[in-house]
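Single-structure report; data block below.
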Amino acid sequence: MNPEHDQQLKALLREWQPEADLPVRFESEVWHRIALHEEKRSSWMNFDWLLQITCQPRLAFAIVAIAVLMGTGLATWQAQQNYHHAMAASKTRYILSVDPFANILLTSNR
Amino acid sequence: MKRLVVIVALAILLGAGAYLISYGVARCTFCQMPDASDPSCWLRVEFHLSDVQYAQVKKLEADYHPHCVAMCDQIKQSRLALKNLILANGTMTPEIETALQKDSAVQQEWREDMLRHFYEVSQAMPPAEGKRYLQIMEAQTLEPQKAADAMVAPH
């Protein structure tokens, strides 16, 4: 580019004043939109954090491992609960079979 | 995004697989579930009885059962007679006194018989388990109402 033209262009730009009418509260609206955008980016609900985690192999592995551990823990807890319920019911059946008074009390309670 | 879907799907799949396998293994660990059709099976599981001990307990149960049924009928009749007398009379009568005494005698007999049976069963068990059995069953003879309430209450 010609340096002379360049100087002229710079001078012209310095003199130029835009005459567009900006809407009322234009500046505050711009800052408001920027703030909203920032807020959206940092929100937990947009799952960007999950996307970032899954990009890291260690963290992705941790997610799968936690799911496996939770499945194992839940199954063991549920099996134990079922066992205790079955044992309690069995104990009741035994007591009813040996205790005539419990039998009468229970049938009169029902 | 595709990577995220794959990892979440893998986590759900492996988590569900781990649940199913662990549930199967845990059920096997607790596989000595008492037989619902046999009331005395609870003793075998709870007190870790051997086949010989369990056979002995079963024999004791079989001997005791007819007497238990007879006692049940006696208690029922005694209670019913007492209830009818109380409702039929507006005041304390000699008949009610007699019925009360009879009810107490029946209860006394029932408690003695049951306690005798508990002692016999406990002696068929290993000493430590026999002691634990007596501790559990003691409430049935001393506080039958409380024990019955505990049975009705949801577990």
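Residue numbers start at 1 in each chain; chains themselves are named A, B, ... in the order of the structure tokens; ligands are numbered from 1 in the order shown.
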Using only C-alpha atoms, which protein or nucleic acid residues come within 12 Å of His117 (chain B)? Drop anything in the same chain fewer than 2 positions from it, and give the result as a ChimeraX atom specification. /A:98-99 /B:57-65,67-68,110-115,119-124,133-134,137-138,141
Output for the residues just chosen: N, CA, C and O atoms as a CSV table (one decimal), in the first residue's frame:
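As written to disk, selection_35.csv reads:
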chain,number,residue,atom,x,y,z
A,98,VAL,N,-45.0,-72.0,67.9
A,98,VAL,CA,-44.7,-72.5,69.2
A,98,VAL,C,-45.5,-71.8,70.3
A,98,VAL,O,-45.5,-72.3,71.4
A,99,ASP,N,-46.0,-70.6,70.0
A,99,ASP,CA,-46.7,-69.8,71.1
A,99,ASP,C,-48.2,-69.7,70.8
A,99,ASP,O,-48.6,-68.9,70.0
B,57,VAL,N,-34.2,-80.9,66.9
B,57,VAL,CA,-35.1,-79.8,67.1
B,57,VAL,C,-36.4,-80.1,66.4
B,57,VAL,O,-37.5,-79.8,67.0
B,58,LYS,N,-36.4,-80.6,65.2
B,58,LYS,CA,-37.6,-80.9,64.5
B,58,LYS,C,-38.5,-82.0,65.3
B,58,LYS,O,-39.7,-81.9,65.3
B,59,LYS,N,-37.8,-82.9,65.9
B,59,LYS,CA,-38.5,-84.0,66.7
B,59,LYS,C,-39.2,-83.3,67.9
B,59,LYS,O,-40.3,-83.6,68.2
B,60,LEU,N,-38.4,-82.4,68.5
B,60,LEU,CA,-39.0,-81.7,69.7
B,60,LEU,C,-40.2,-80.9,69.3
B,60,LEU,O,-41.2,-80.9,70.0
B,61,GLU,N,-40.1,-80.3,68.1
B,61,GLU,CA,-41.2,-79.5,67.6
B,61,GLU,C,-42.4,-80.4,67.3
B,61,GLU,O,-43.6,-80.0,67.6
B,62,ALA,N,-42.2,-81.5,66.7
B,62,ALA,CA,-43.2,-82.4,66.4
B,62,ALA,C,-43.9,-82.9,67.6
B,62,ALA,O,-45.2,-83.1,67.6
B,63,ASP,N,-43.2,-83.2,68.7
B,63,ASP,CA,-43.8,-83.7,69.9
B,63,ASP,C,-44.6,-82.6,70.6
B,63,ASP,O,-45.6,-82.8,71.2
B,64,TYR,N,-44.1,-81.4,70.5
B,64,TYR,CA,-44.7,-80.2,71.2
B,64,TYR,C,-45.9,-79.7,70.4
B,64,TYR,O,-46.9,-79.2,71.1
B,65,HIS,N,-45.9,-79.8,69.1
B,65,HIS,CA,-47.0,-79.2,68.3
B,65,HIS,C,-48.4,-79.6,68.7
B,65,HIS,O,-49.3,-78.7,68.9
B,67,HIS,N,-49.6,-80.5,71.5
B,67,HIS,CA,-49.9,-79.9,72.8
B,67,HIS,C,-50.1,-78.4,72.7
B,67,HIS,O,-51.0,-77.8,73.3
B,68,CYS,N,-49.3,-77.8,71.8
B,68,CYS,CA,-49.4,-76.4,71.5
B,68,CYS,C,-50.8,-76.0,71.0
B,68,CYS,O,-51.5,-75.1,71.4
B,110,TRP,N,-49.8,-72.7,80.2
B,110,TRP,CA,-49.2,-72.4,78.8
B,110,TRP,C,-47.8,-71.9,79.0
B,110,TRP,O,-46.9,-72.3,78.2
B,111,ARG,N,-47.5,-71.0,79.9
B,111,ARG,CA,-46.2,-70.5,80.1
B,111,ARG,C,-45.2,-71.5,80.5
B,111,ARG,O,-44.1,-71.6,80.0
B,112,GLU,N,-45.6,-72.4,81.4
B,112,GLU,CA,-44.7,-73.5,81.9
B,112,GLU,C,-44.4,-74.4,80.7
B,112,GLU,O,-43.2,-74.7,80.5
B,113,ASP,N,-45.4,-74.8,80.0
B,113,ASP,CA,-45.2,-75.7,78.8
B,113,ASP,C,-44.2,-75.1,77.8
B,113,ASP,O,-43.3,-75.8,77.3
B,114,MET,N,-44.5,-73.8,77.5
B,114,MET,CA,-43.7,-73.2,76.5
B,114,MET,C,-42.3,-73.0,76.9
B,114,MET,O,-41.3,-73.3,76.1
B,115,LEU,N,-42.1,-72.6,78.2
B,115,LEU,CA,-40.7,-72.5,78.7
B,115,LEU,C,-40.0,-73.8,78.7
B,115,LEU,O,-38.8,-73.9,78.4
B,119,TYR,N,-36.5,-74.6,76.7
B,119,TYR,CA,-35.3,-75.2,77.4
B,119,TYR,C,-34.9,-76.4,76.6
B,119,TYR,O,-33.7,-76.5,76.3
B,120,GLU,N,-35.8,-77.2,76.2
B,120,GLU,CA,-35.5,-78.4,75.5
B,120,GLU,C,-34.8,-78.1,74.2
B,120,GLU,O,-33.8,-78.7,73.8
B,121,VAL,N,-35.4,-77.2,73.4
B,121,VAL,CA,-34.8,-76.8,72.1
B,121,VAL,C,-33.4,-76.1,72.3
B,121,VAL,O,-32.5,-76.5,71.6
B,122,SER,N,-33.3,-75.3,73.3
B,122,SER,CA,-32.0,-74.6,73.6
B,122,SER,C,-30.9,-75.7,73.9
B,122,SER,O,-29.7,-75.5,73.5
B,123,GLN,N,-31.3,-76.8,74.5
B,123,GLN,CA,-30.3,-77.8,74.9
B,123,GLN,C,-29.9,-78.6,73.7
B,123,GLN,O,-28.8,-79.3,73.7
B,124,ALA,N,-30.7,-78.6,72.6
B,124,ALA,CA,-30.4,-79.3,71.4
B,124,ALA,C,-29.4,-78.5,70.5
B,124,ALA,O,-28.9,-79.0,69.5
B,133,TYR,N,-30.8,-68.2,71.8
B,133,TYR,CA,-32.2,-68.6,71.6
B,133,TYR,C,-33.1,-68.3,72.8
B,133,TYR,O,-34.1,-67.7,72.6
B,134,LEU,N,-32.6,-68.7,73.9
B,134,LEU,CA,-33.4,-68.4,75.1
B,134,LEU,C,-33.6,-66.9,75.4
B,134,LEU,O,-34.7,-66.5,75.8
B,137,MET,N,-36.3,-65.9,73.0
B,137,MET,CA,-37.7,-66.5,73.3
B,137,MET,C,-38.2,-66.0,74.6
B,137,MET,O,-39.4,-66.1,74.9
B,138,GLU,N,-37.3,-65.6,75.5
B,138,GLU,CA,-37.7,-65.2,76.8
B,138,GLU,C,-38.9,-64.1,76.8
B,138,GLU,O,-39.8,-64.2,77.6
B,141,THR,N,-42.4,-65.4,76.8
B,141,THR,CA,-43.1,-66.0,78.0
B,141,THR,C,-43.3,-64.8,79.0
B,141,THR,O,-44.3,-64.9,79.7
Find the nearest atom pair between each residue of chain B and chain A for residues within 6 Å, count only C-alpha atoms, give distances in Å to one decimal, sort rows by chain and ascending number, and present the table as a tab-separated table.
residue	atom	partner	partner_atom	distance
B:Leu4	CA	A:Thr54	CA	5.8
B:Ala11	CA	A:Val64	CA	4.4
B:Leu14	CA	A:Val68	CA	5.8
B:Gly15	CA	A:Val68	CA	4.2
B:Ala18	CA	A:Gly71	CA	5.3
B:Tyr19	CA	A:Gly71	CA	4.2
B:Ser22	CA	A:Thr72	CA	5.4
B:Tyr23	CA	A:Ala75	CA	4.6
B:Ala26	CA	A:Thr76	CA	5.7
B:Arg27	CA	A:Ala79	CA	5.9
B:Pro39	CA	A:Tyr94	CA	4.4
B:Ser40	CA	A:Tyr94	CA	5.5
B:Trp42	CA	A:Ser90	CA	5.5
B:Cys72	CA	A:Pro100	CA	4.5
B:Ala148	CA	A:Ala102	CA	5.7
Please produce a file of the residues just selected, as a PDB file, in the first residue's frame, where the atoms kept are N, CA and C atoms.
ATOM      1  N   LEU B   4     -19.272 -38.017  25.111  1.00  0.00           N
ATOM      2  CA  LEU B   4     -20.070 -37.923  26.347  1.00  0.00           C
ATOM      3  C   LEU B   4     -21.158 -39.002  26.375  1.00  0.00           C
ATOM      4  N   ALA B  11     -21.278 -46.132  31.377  1.00  0.00           N
ATOM      5  CA  ALA B  11     -21.449 -46.091  32.840  1.00  0.00           C
ATOM      6  C   ALA B  11     -22.768 -46.749  33.244  1.00  0.00           C
ATOM      7  N   LEU B  14     -22.476 -50.664  32.476  1.00  0.00           N
ATOM      8  CA  LEU B  14     -21.615 -51.381  33.436  1.00  0.00           C
ATOM      9  C   LEU B  14     -22.180 -51.317  34.850  1.00  0.00           C
ATOM     10  N   GLY B  15     -22.795 -50.180  35.200  1.00  0.00           N
ATOM     11  CA  GLY B  15     -23.431 -50.053  36.523  1.00  0.00           C
ATOM     12  C   GLY B  15     -24.555 -51.064  36.681  1.00  0.00           C
ATOM     13  N   ALA B  18     -23.023 -54.516  36.921  1.00  0.00           N
ATOM     14  CA  ALA B  18     -22.451 -54.727  38.260  1.00  0.00           C
ATOM     15  C   ALA B  18     -23.556 -55.006  39.264  1.00  0.00           C
ATOM     16  N   TYR B  19     -24.697 -54.305  39.120  1.00  0.00           N
ATOM     17  CA  TYR B  19     -25.836 -54.518  40.026  1.00  0.00           C
ATOM     18  C   TYR B  19     -26.336 -55.949  39.932  1.00  0.00           C
ATOM     19  N   SER B  22     -23.665 -58.467  41.233  1.00  0.00           N
ATOM     20  CA  SER B  22     -23.507 -58.360  42.693  1.00  0.00           C
ATOM     21  C   SER B  22     -24.736 -58.880  43.424  1.00  0.00           C
ATOM     22  N   TYR B  23     -25.918 -58.625  42.857  1.00  0.00           N
ATOM     23  CA  TYR B  23     -27.145 -59.110  43.507  1.00  0.00           C
ATOM     24  C   TYR B  23     -27.146 -60.639  43.540  1.00  0.00           C
ATOM     25  N   ALA B  26     -24.508 -61.706  46.093  1.00  0.00           N
ATOM     26  CA  ALA B  26     -24.969 -61.433  47.465  1.00  0.00           C
ATOM     27  C   ALA B  26     -26.070 -62.412  47.870  1.00  0.00           C
ATOM     28  N   ARG B  27     -26.935 -62.747  46.927  1.00  0.00           N
ATOM     29  CA  ARG B  27     -28.011 -63.718  47.229  1.00  0.00           C
ATOM     30  C   ARG B  27     -27.419 -65.080  47.544  1.00  0.00           C
ATOM     31  N   PRO B  39     -41.827 -73.576  59.498  1.00  0.00           N
ATOM     32  CA  PRO B  39     -41.605 -72.545  60.528  1.00  0.00           C
ATOM     33  C   PRO B  39     -40.303 -72.719  61.313  1.00  0.00           C
ATOM     34  N   SER B  40     -39.921 -73.982  61.589  1.00  0.00           N
ATOM     35  CA  SER B  40     -38.715 -74.179  62.406  1.00  0.00           C
ATOM     36  C   SER B  40     -37.425 -74.025  61.601  1.00  0.00           C
ATOM     37  N   TRP B  42     -36.317 -71.395  60.496  1.00  0.00           N
ATOM     38  CA  TRP B  42     -35.669 -70.167  61.006  1.00  0.00           C
ATOM     39  C   TRP B  42     -34.581 -70.517  62.022  1.00  0.00           C
ATOM     40  N   CYS B  72     -53.697 -73.793  72.678  1.00  0.00           N
ATOM     41  CA  CYS B  72     -54.288 -72.669  71.933  1.00  0.00           C
ATOM     42  C   CYS B  72     -55.813 -72.696  72.082  1.00  0.00           C
ATOM     43  N   ALA B 148     -45.895 -59.851  70.653  1.00  0.00           N
ATOM     44  CA  ALA B 148     -46.881 -59.923  69.557  1.00  0.00           C
ATOM     45  C   ALA B 148     -46.960 -58.589  68.816  1.00  0.00           C
TER      46      ALA B 148
END
If you run DSSP on the backbone, which residues of chain A are helix (DSSP H, G or I), as a ChimeraX atom specification? /A:3-15,26-42,44-46,48-54,57-98,100-109
Quick one: distance from CA of Gln101 (chain B) to CA of Ile136 (chain B) in Å, one decimal?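 These atoms are spaced 29.1 Å apart.
If you look at CA of Gln53 (chain B) and CA of Lys131 (chain B), they are 15.0 Å away from each other.
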